[in-house]
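As structure tokens, the structure follows; a few thoughts come after it.
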There are 2 protein chains.
Amino acid sequence: MDDNGVEHQLRDRGLQVTAQRLAVMEAVSAHPHATAEELTEDVRSRIGSISKQAVYDTLGVFVENNLIRRIQPSGSVARYEDRVGDNHHHLVCRGCGIVFDVDCAVGDTPCLIADDDHGFEIDEAEVVYWGRCPTCRTG
Amino acid sequence: MDDNGVEHQLRDRGLQVTAQRLAVMEAVSAHPHATAEELTEDVRSRIGSISKQAVYDTLGVFVENNLIRRIQPSGSVARYEDRVGDNHHHLVCRGCGIVFDVDCAVGDTPCLIADDDHGFEIDEAEVVYWGRCPTCRTG
DNA sequence: AACAAACTCTTGACTCAGTCCAGAATTGGT
DNA sequence: ACCAATTCTGGACTGAGTCAAGAGTTTGTT
């Protein structure tokens, strides 16, 4: 996803294009599953400085506009990724917390319909696989 | 799950039986998906007083010993439930955050094997259905 | 029943992700 | 270039959850 693409995506949605926003998007693309703090570090290395607040605001705007996705496995802080619109899930290590993307084995939209929907209008089924990564298994 | 059952379960695992622990377990049974704070309130109404710390410790011990389960949907604080050992999942409202239990439509262990396990030893596939509850849809 | 060892609970300070606010700066349409 | 709308900064604040050390309970043994 190059900068021109991002710029276009922002304008399409009526959002202003700023150096901070471009840098945040670059950071998310460069570090899938990074935390807000890690992204702040990365953005600072790109454009010198940015406030914590601007990063949170920007991430919030991007999530609202479906440009990025926010995930938050139990016991972890929020993480962000730029893969949106596809049906992928996450594999989380109980030891070190590292996150991998996985595609579900049983097709495009696994389990999208629950047995009893309680009258809900369901729009997403999020799957998290829990386990131990090779490193933590041997450690 | 009566108190004798709980007492037995604790002793079986080499855990001491205390009024606080029994009360915490009762509270979790009485309020599935409650937060630590809500549980603290409930426990206080049962045994008069308990420290925040004792509640967190107790919940932690119970989770470690598989007596209760801790869930934490994105954007929510941790919640606890006493349904363990079965294969049920959760339906969360994006509006008010209310949580319902659901059984998965496609069988006992949906999607338990990911396409690419990255060498992980996977022990659980957690599914969260996101949507809007009837109240929040009309509101 | 009494003892000692092990475990559990209380209190209070602390951490850290995330939010709130108000004023300053930047952006984009005219 | 100008101005209204939007965005960014800096700092104070919130609230869930953790840490630590001493006091209090529980339990197995006598």
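Identifiers in the structure tokens: chain A, B, ... in order shown; residue index from 1 per chain; ligand index from 1 in order shown.
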
Go through chain A residue by residue and, counting only C-alpha atoms (C1' of nucleotides), keep those with an atom at most 9 Å from chain D; for each kept residue give the shortest atom pair and its distance in Å to one decimal, ordered by chain and increasing number, as a tab-separated table.
residue	atom	partner	partner_atom	distance
A:Leu15	CA	D:DT6	C1'	8.9
A:Gln16	CA	D:DT6	C1'	7.6
A:Thr18	CA	D:DT7	C1'	8.6
A:Ile50	CA	D:DC8	C1'	8.4
A:Ser51	CA	D:DT9	C1'	6.4
A:Gln53	CA	D:DT9	C1'	8.0
A:Ala54	CA	D:DC8	C1'	6.2

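If you take only C-alpha atoms (C1' of nucleotides) and a cut-off of 12 Å, the residues of chain A that reach chain C are Arg11, Gly14, Leu15, Gln16, Val17, Thr18, Ala19, Gln20, Thr35, Ala36, Glu37, Lys52, Gln53, Val55, Tyr56, Asp57, Gly60, Ser76, Val77, Ala78 and Arg79 of chain A.
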
Against chain A, which residues of chain B fall within 6 Å? For each one I want the closest pair of atoms and the distance in Å (one decimal), counting only C-alpha atoms, rows by chain and increasing residue number, as JSON lines.
{"residue": "B:Gln72", "atom": "CA", "partner": "A:Ser74", "partner_atom": "CA", "distance": 5.0}
{"residue": "B:Ser74", "atom": "CA", "partner": "A:Gln72", "partner_atom": "CA", "distance": 5.0}
{"residue": "B:Asp103", "atom": "CA", "partner": "A:Asp115", "partner_atom": "CA", "distance": 5.8}
{"residue": "B:Cys104", "atom": "CA", "partner": "A:Ala114", "partner_atom": "CA", "distance": 5.4}
{"residue": "B:Ala105", "atom": "CA", "partner": "A:Asp115", "partner_atom": "CA", "distance": 4.7}
{"residue": "B:Ala114", "atom": "CA", "partner": "A:Ala105", "partner_atom": "CA", "distance": 5.3}
{"residue": "B:Asp115", "atom": "CA", "partner": "A:Ala105", "partner_atom": "CA", "distance": 4.7}
{"residue": "B:Gly119", "atom": "CA", "partner": "A:Pro134", "partner_atom": "CA", "distance": 5.6}
{"residue": "B:Phe120", "atom": "CA", "partner": "A:Cys133", "partner_atom": "CA", "distance": 4.5}
{"residue": "B:Glu121", "atom": "CA", "partner": "A:Gly131", "partner_atom": "CA", "distance": 5.2}
{"residue": "B:Ile122", "atom": "CA", "partner": "A:Gly131", "partner_atom": "CA", "distance": 4.1}
{"residue": "B:Asp123", "atom": "CA", "partner": "A:Gly131", "partner_atom": "CA", "distance": 5.3}
{"residue": "B:Glu124", "atom": "CA", "partner": "A:Trp130", "partner_atom": "CA", "distance": 5.1}
{"residue": "B:Ala125", "atom": "CA", "partner": "A:Tyr129", "partner_atom": "CA", "distance": 4.4}
{"residue": "B:Glu126", "atom": "CA", "partner": "A:Val128", "partner_atom": "CA", "distance": 5.0}
{"residue": "B:Val127", "atom": "CA", "partner": "A:Val127", "partner_atom": "CA", "distance": 4.5}
{"residue": "B:Val128", "atom": "CA", "partner": "A:Glu126", "partner_atom": "CA", "distance": 5.0}
{"residue": "B:Tyr129", "atom": "CA", "partner": "A:Ala125", "partner_atom": "CA", "distance": 4.4}
{"residue": "B:Trp130", "atom": "CA", "partner": "A:Glu124", "partner_atom": "CA", "distance": 5.1}
{"residue": "B:Gly131", "atom": "CA", "partner": "A:Ile122", "partner_atom": "CA", "distance": 4.0}
{"residue": "B:Arg132", "atom": "CA", "partner": "A:Glu121", "partner_atom": "CA", "distance": 5.3}
{"residue": "B:Cys133", "atom": "CA", "partner": "A:Phe120", "partner_atom": "CA", "distance": 4.5}
{"residue": "B:Pro134", "atom": "CA", "partner": "A:Gly119", "partner_atom": "CA", "distance": 5.7}

Output file for the residues above (N, CA and C atoms, as a PDB file, in the first residue's frame):
ATOM      1  N   GLN B  72     -12.289 -11.735  27.624  1.00  0.00           N
ATOM      2  CA  GLN B  72     -12.057 -10.298  27.543  1.00  0.00           C
ATOM      3  C   GLN B  72     -12.225  -9.812  26.114  1.00  0.00           C
ATOM      4  N   SER B  74     -12.552  -7.411  22.984  1.00  0.00           N
ATOM      5  CA  SER B  74     -11.892  -6.130  22.681  1.00  0.00           C
ATOM      6  C   SER B  74     -12.683  -4.965  23.234  1.00  0.00           C
ATOM      7  N   ASP B 103     -23.785 -21.725  21.397  1.00  0.00           N
ATOM      8  CA  ASP B 103     -23.094 -22.926  20.950  1.00  0.00           C
ATOM      9  C   ASP B 103     -22.880 -22.764  19.464  1.00  0.00           C
ATOM     10  N   CYS B 104     -21.781 -23.284  18.993  1.00  0.00           N
ATOM     11  CA  CYS B 104     -21.471 -23.072  17.579  1.00  0.00           C
ATOM     12  C   CYS B 104     -22.332 -23.957  16.705  1.00  0.00           C
ATOM     13  N   ALA B 105     -22.735 -23.391  15.563  1.00  0.00           N
ATOM     14  CA  ALA B 105     -23.650 -24.092  14.675  1.00  0.00           C
ATOM     15  C   ALA B 105     -23.018 -25.294  13.979  1.00  0.00           C
ATOM     16  N   ALA B 114      -6.123 -24.692  12.436  1.00  0.00           N
ATOM     17  CA  ALA B 114      -5.918 -23.617  11.475  1.00  0.00           C
ATOM     18  C   ALA B 114      -5.184 -24.162  10.256  1.00  0.00           C
ATOM     19  N   ASP B 115      -5.267 -23.433   9.172  1.00  0.00           N
ATOM     20  CA  ASP B 115      -4.646 -23.836   7.925  1.00  0.00           C
ATOM     21  C   ASP B 115      -3.141 -24.013   8.097  1.00  0.00           C
ATOM     22  N   GLY B 119       3.725 -23.932  13.671  1.00  0.00           N
ATOM     23  CA  GLY B 119       4.446 -24.711  14.665  1.00  0.00           C
ATOM     24  C   GLY B 119       3.879 -24.598  16.068  1.00  0.00           C
ATOM     25  N   PHE B 120       2.751 -23.943  16.197  1.00  0.00           N
ATOM     26  CA  PHE B 120       2.134 -23.785  17.512  1.00  0.00           C
ATOM     27  C   PHE B 120       1.512 -25.090  17.982  1.00  0.00           C
ATOM     28  N   GLU B 121       1.417 -25.223  19.285  1.00  0.00           N
ATOM     29  CA  GLU B 121       0.645 -26.276  19.918  1.00  0.00           C
ATOM     30  C   GLU B 121      -0.670 -25.607  20.326  1.00  0.00           C
ATOM     31  N   ILE B 122      -1.706 -25.760  19.494  1.00  0.00           N
ATOM     32  CA  ILE B 122      -2.959 -25.045  19.721  1.00  0.00           C
ATOM     33  C   ILE B 122      -3.845 -25.802  20.701  1.00  0.00           C
ATOM     34  N   ASP B 123      -4.338 -25.120  21.732  1.00  0.00           N
ATOM     35  CA  ASP B 123      -5.194 -25.805  22.695  1.00  0.00           C
ATOM     36  C   ASP B 123      -6.622 -25.267  22.726  1.00  0.00           C
ATOM     37  N   GLU B 124      -6.865 -24.160  22.063  1.00  0.00           N
ATOM     38  CA  GLU B 124      -8.202 -23.600  22.127  1.00  0.00           C
ATOM     39  C   GLU B 124      -8.479 -22.690  20.937  1.00  0.00           C
ATOM     40  N   ALA B 125      -9.716 -22.770  20.441  1.00  0.00           N
ATOM     41  CA  ALA B 125     -10.150 -21.812  19.425  1.00  0.00           C
ATOM     42  C   ALA B 125     -11.306 -21.040  20.042  1.00  0.00           C
ATOM     43  N   GLU B 126     -11.082 -19.768  20.222  1.00  0.00           N
ATOM     44  CA  GLU B 126     -12.072 -18.915  20.883  1.00  0.00           C
ATOM     45  C   GLU B 126     -12.809 -18.120  19.804  1.00  0.00           C
ATOM     46  N   VAL B 127     -14.127 -18.177  19.854  1.00  0.00           N
ATOM     47  CA  VAL B 127     -14.909 -17.462  18.831  1.00  0.00           C
ATOM     48  C   VAL B 127     -15.742 -16.375  19.487  1.00  0.00           C
ATOM     49  N   VAL B 128     -15.664 -15.174  18.952  1.00  0.00           N
ATOM     50  CA  VAL B 128     -16.500 -14.076  19.425  1.00  0.00           C
ATOM     51  C   VAL B 128     -17.336 -13.565  18.258  1.00  0.00           C
ATOM     52  N   TYR B 129     -18.650 -13.623  18.430  1.00  0.00           N
ATOM     53  CA  TYR B 129     -19.546 -13.070  17.421  1.00  0.00           C
ATOM     54  C   TYR B 129     -19.841 -11.632  17.794  1.00  0.00           C
ATOM     55  N   TRP B 130     -19.646 -10.711  16.838  1.00  0.00           N
ATOM     56  CA  TRP B 130     -19.914  -9.305  17.091  1.00  0.00           C
ATOM     57  C   TRP B 130     -21.169  -8.867  16.358  1.00  0.00           C
ATOM     58  N   GLY B 131     -21.972  -8.041  17.027  1.00  0.00           N
ATOM     59  CA  GLY B 131     -23.185  -7.552  16.386  1.00  0.00           C
ATOM     60  C   GLY B 131     -23.878  -6.543  17.267  1.00  0.00           C
ATOM     61  N   ARG B 132     -25.164  -6.382  17.035  1.00  0.00           N
ATOM     62  CA  ARG B 132     -25.943  -5.447  17.851  1.00  0.00           C
ATOM     63  C   ARG B 132     -27.153  -6.173  18.407  1.00  0.00           C
ATOM     64  N   CYS B 133     -27.364  -6.006  19.704  1.00  0.00           N
ATOM     65  CA  CYS B 133     -28.474  -6.691  20.347  1.00  0.00           C
ATOM     66  C   CYS B 133     -29.795  -5.999  19.978  1.00  0.00           C
ATOM     67  N   PRO B 134     -30.915  -6.688  20.183  1.00  0.00           N
ATOM     68  CA  PRO B 134     -32.214  -6.122  19.815  1.00  0.00           C
ATOM     69  C   PRO B 134     -32.430  -4.727  20.390  1.00  0.00           C
TER      70      PRO B 134
END

query: By how many Å are atom CA of B:Glu26 and atom CA of B:Gly85 apart?
result: 18.3 Å

- request: DSSP on the backbone, then: every residue of chain B marked strand (DSSP E or B), written as a PyMOL selection string.
  value: chain B and resi 34-35+69-71+79-81+88-93+99-104+114+121-132

task: Write down as a PyMOL selection string the residues of stretch 15-102 of chain A whose backbone DSSP state falls under helix (DSSP H, G or I).
output: chain A and resi 19-30+36-47+52-64

- request: Figure out the distance between atom CA of B:Asp12 and atom CA of B:His88, please, to one decimal in Å.
  value: 25.5 Å

d(atom CA of B:Val63, atom CA of B:Arg44) in Å: 20.7 Å

message: Applying 9 Å and only C-alpha atoms (C1' of nucleotides), which residues near A:Met25 remain after dropping the ones on its own chain fewer than 5 positions away? List them as a ChimeraX atom specification.
response: /A:3,6,20,30,58-59,62,67-68,82
